$ cat run-v6.cif   # mmCIF, C-alpha atoms
data_query
#
loop_
_atom_site.label_atom_id
_atom_site.label_comp_id
_atom_site.auth_asym_id
_atom_site.auth_seq_id
_atom_site.Cartn_x
_atom_site.Cartn_y
_atom_site.Cartn_z
CA MET A 23 142.91 78.65 -299.86
CA LEU A 24 142.32 81.62 -297.56
CA TYR A 25 139.76 79.57 -295.63
CA GLN A 26 142.33 76.81 -295.01
CA ARG A 27 144.89 79.32 -293.73
CA ILE A 28 142.36 80.85 -291.35
CA LEU A 29 141.33 77.39 -290.17
CA ARG A 30 144.97 76.35 -289.57
CA LEU A 31 145.70 79.57 -287.73
CA SER A 32 142.60 79.13 -285.57
CA ILE A 33 143.53 75.55 -284.68
CA PHE A 34 147.08 76.63 -283.87
CA MET A 35 145.80 79.41 -281.61
CA LEU A 36 143.44 77.05 -279.76
CA ILE A 37 146.20 74.51 -279.18
CA SER A 38 148.61 77.23 -278.01
CA VAL A 39 146.09 78.64 -275.53
CA SER A 40 145.28 75.21 -274.10
CA LEU A 41 148.97 74.33 -273.73
CA ALA A 42 149.74 77.66 -272.09
CA SER A 43 147.06 77.16 -269.46
CA ALA A 44 148.02 73.53 -268.82
CA ARG A 45 150.74 73.75 -266.21
CA ASP A 46 152.55 71.04 -264.41
CA LEU A 47 151.97 71.48 -260.71
CA ALA A 48 153.90 70.18 -257.72
CA LEU A 49 153.04 69.59 -254.11
CA VAL A 50 155.57 71.40 -251.92
CA SER A 51 156.04 71.42 -248.18
CA ASN A 52 157.68 73.49 -245.49
CA LYS A 53 161.13 72.01 -244.98
CA SER A 54 160.46 71.37 -241.29
CA ASN A 55 157.60 68.99 -242.15
CA ALA A 56 158.41 65.30 -241.96
CA VAL A 57 156.27 64.51 -245.01
CA GLY A 58 158.14 63.31 -248.11
CA ALA A 59 155.25 61.49 -249.74
CA ILE A 60 151.47 61.50 -249.50
CA THR A 61 148.75 59.24 -250.88
CA LEU A 62 145.87 60.63 -252.89
CA PRO A 63 143.30 59.98 -250.13
CA GLU A 64 145.57 61.74 -247.60
CA LEU A 65 146.04 64.69 -249.99
CA VAL A 66 142.28 65.03 -250.44
CA LYS A 67 141.78 65.10 -246.67
CA VAL A 68 144.51 67.73 -246.23
CA CYS A 69 143.14 69.89 -249.05
CA LYS A 70 139.59 69.69 -247.68
CA ALA A 71 140.81 70.49 -244.13
CA GLN A 72 139.60 67.10 -242.89
CA THR A 73 143.08 66.36 -241.53
CA ASN A 74 144.32 69.26 -239.45
CA ARG A 75 147.58 67.96 -237.93
CA TRP A 76 150.66 66.14 -239.17
CA PRO A 77 151.76 62.99 -237.30
CA ASP A 78 154.33 65.12 -235.42
CA GLY A 79 151.51 67.36 -234.12
CA LYS A 80 152.13 70.45 -236.29
CA PRO A 81 148.94 72.09 -237.55
CA ILE A 82 148.43 71.76 -241.31
CA THR A 83 147.83 74.76 -243.54
CA PHE A 84 147.13 74.08 -247.22
CA VAL A 85 148.27 76.95 -249.45
CA MET A 86 146.81 77.28 -252.93
CA ARG A 87 146.18 79.78 -255.70
CA ALA A 88 142.69 81.24 -256.06
CA PRO A 89 140.16 78.63 -257.18
CA SER A 90 139.44 80.84 -260.22
CA ALA A 91 143.08 80.68 -261.41
CA PRO A 92 143.40 78.64 -264.64
CA GLU A 93 146.16 76.45 -263.17
CA MET A 94 143.84 75.38 -260.35
CA LYS A 95 141.48 73.63 -262.77
CA VAL A 96 143.40 70.35 -262.48
CA VAL A 97 143.35 70.58 -258.65
CA LEU A 98 139.62 71.31 -258.64
CA GLU A 99 138.96 68.27 -260.81
CA LYS A 100 141.47 65.71 -259.55
CA VAL A 101 141.78 66.56 -255.86
CA TYR A 102 138.68 68.44 -254.75
CA GLY A 103 136.12 67.04 -257.17
CA MET A 104 134.05 70.20 -256.79
CA SER A 105 133.27 73.48 -258.49
CA GLU A 106 135.00 76.80 -257.86
CA THR A 107 131.96 78.06 -255.91
CA GLU A 108 131.89 74.96 -253.70
CA LEU A 109 135.62 75.31 -253.01
CA ASN A 110 135.23 78.98 -252.04
CA GLY A 111 132.58 77.89 -249.54
CA LEU A 112 134.85 75.16 -248.19
CA ILE A 113 137.68 77.68 -247.70
CA ALA A 114 135.40 80.01 -245.75
CA THR A 115 134.00 77.29 -243.48
CA SER A 116 137.39 75.60 -242.95
CA ASN A 117 139.00 78.83 -241.78
CA HIS A 118 136.14 79.84 -239.48
CA GLY A 119 137.44 79.98 -235.94
CA ARG A 120 141.09 79.56 -236.97
CA PRO A 121 142.41 83.15 -237.25
CA ASN A 122 145.94 82.34 -236.05
CA HIS A 123 146.51 79.26 -238.19
CA PRO A 124 144.03 78.98 -241.09
CA ALA A 125 143.34 75.58 -242.64
CA ILE A 126 143.49 76.91 -246.21
CA LEU A 127 145.35 80.00 -247.42
CA VAL A 128 144.96 81.52 -250.87
CA ALA A 129 148.13 82.98 -252.36
CA THR A 130 148.18 85.83 -254.88
CA SER A 131 151.01 84.38 -257.01
CA ASP A 132 153.27 81.35 -257.24
CA GLU A 133 156.06 83.33 -255.58
CA ASP A 134 153.70 84.30 -252.74
CA LEU A 135 152.64 80.66 -252.38
CA VAL A 136 156.23 79.39 -252.11
CA ASN A 137 157.06 82.11 -249.58
CA LYS A 138 154.01 81.24 -247.44
CA VAL A 139 154.81 77.53 -247.47
CA ALA A 140 158.47 78.21 -246.66
CA SER A 141 157.65 80.53 -243.75
CA LEU A 142 154.77 78.62 -242.13
CA PRO A 143 155.64 75.41 -240.22
CA GLY A 144 153.17 72.68 -241.17
CA ALA A 145 152.32 74.29 -244.50
CA ILE A 146 151.92 72.40 -247.76
CA GLY A 147 150.85 73.79 -251.12
CA VAL A 148 150.36 73.27 -254.84
CA VAL A 149 152.50 75.41 -257.15
CA ASP A 150 153.76 75.52 -260.74
CA VAL A 151 156.85 73.28 -260.94
CA TYR A 152 158.92 76.12 -262.41
CA SER A 153 158.30 78.27 -259.32
CA ILE A 154 159.91 75.81 -256.91
CA ASN A 155 163.07 76.95 -255.17
CA SER A 156 165.31 75.63 -252.40
CA SER A 157 163.15 77.12 -249.63
CA VAL A 158 160.57 74.30 -249.93
CA ALA A 159 160.63 70.53 -250.28
CA VAL A 160 158.87 68.66 -253.09
CA VAL A 161 156.45 65.97 -251.90
CA LYS A 162 155.69 62.79 -253.83
CA VAL A 163 152.01 62.28 -254.62
CA ALA A 164 150.90 58.65 -254.87
CA GLY A 165 154.56 57.61 -255.16
CA LYS A 166 155.41 59.95 -258.04
CA LEU A 167 157.30 63.21 -258.40
CA PRO A 168 156.29 66.05 -260.73
CA LEU A 169 157.08 65.45 -264.41
CA GLU A 170 157.05 61.65 -263.92
CA PRO A 171 154.55 59.82 -266.12
CA GLY A 172 151.26 59.31 -264.28
CA TYR A 173 151.81 62.16 -261.82
CA LEU A 174 148.41 63.29 -260.51
CA LEU A 175 148.92 67.05 -260.86
CA HIS A 176 150.06 66.99 -264.49
CA GLY A 177 148.36 69.86 -266.30
CA ASN A 178 147.08 68.09 -269.40
#
$ encode --input "run-v6.cif" --output "structure tokens"
Amino acid sequence: MLYQRILRLSIFMLISVSLASARDLALVSNKSNAVGAITLPELVKVCKAQTNRWPDGKPITFVMRAPSAPEMKVVLEKVYGMSETELNGLIATSNHGRPNHPAILVATSDEDLVNKVASLPGAIGVVDVYSINSSVAVVKVAGKLPLEPGYLLHGN
């Protein structure tokens, strides 16, 4: 009887921890950007700093949380397809020689990320959906908005 209670409690704790770390993310953009939707291949190129300008000529800056942040796991897997160490190397090489307008910025919090995207023309970033405010625009990914079934950046 005691064993079953401990087992149930352990299972409950594991499920709770996994649900707490599984966040729904959203792609947000500076409001001056003319991007309302992006395909997965385009997003990968932007995130990997392979595309450095929007069609209107503005330089692109991708803003993200630290690769070690639990919420970035889904981005590492589904967008980058690389490990945390590989992504840290990509960030360093992508920003080399771009001190005034880095290709990839790492934000310290979701609030910091939203503020950076809102204040930097050409910026786009991935943030927890519950951190979005009116200072940024939500971008469709592969034709879907956050919380729609099949959305790429869904945390589970």
$ resolve_selection --input "run-v6.cif" --expression "the PyMOL selection byres ((chain A and resi 50-65) around 6)" --output "VMD selection string"
chain A and resid 49 66 to 68 139 to 140 143 to 147 158 to 164
$ residues_around --input "run-v6.cif" --residues "range 125-138 of chain A" --least-positions-apart "4" --cutoff "10 Å" --atoms "all atoms listed in the file" --output "MDAnalysis selection string"
chainID A and resid 50:52 68:75 81:89 91 112:121 142:143 145:158
$ closest_atom_pairs --input "run-v6.cif" --of "range 41-136 of chain A" --to "range 173-178 of chain A" --cutoff "7 Å" --atoms "all atoms listed in the file" --output "Markdown table"
| residue | atom | partner | partner_atom | distance |
| --- | --- | --- | --- | --- |
| A:Ala44 | CA | A:Gly177 | CA | 4.5 |
| A:Arg45 | CA | A:Gly177 | CA | 4.6 |
| A:Asp46 | CA | A:Gly177 | CA | 4.7 |
| A:Leu47 | CA | A:Leu175 | CA | 5.4 |
| A:Ala48 | CA | A:Leu175 | CA | 6.7 |
| A:Val96 | CA | A:Gly177 | CA | 6.3 |
| A:Val97 | CA | A:Leu175 | CA | 7.0 |
$ atom_distance --input "run-v6.cif" --atom1 "CA of Leu169 in chain A" --atom2 "CA of Pro77 in chain A"
27.7 Å
$ atom_distance --input "run-v6.cif" --atom1 "CA of Glu108 in chain A" --atom2 "CA of Trp76 in chain A"
25.3 Å
$ atom_distance --input "run-v6.cif" --atom1 "CA of Ser90 in chain A" --atom2 "CA of Glu170 in chain A"
26.3 Å
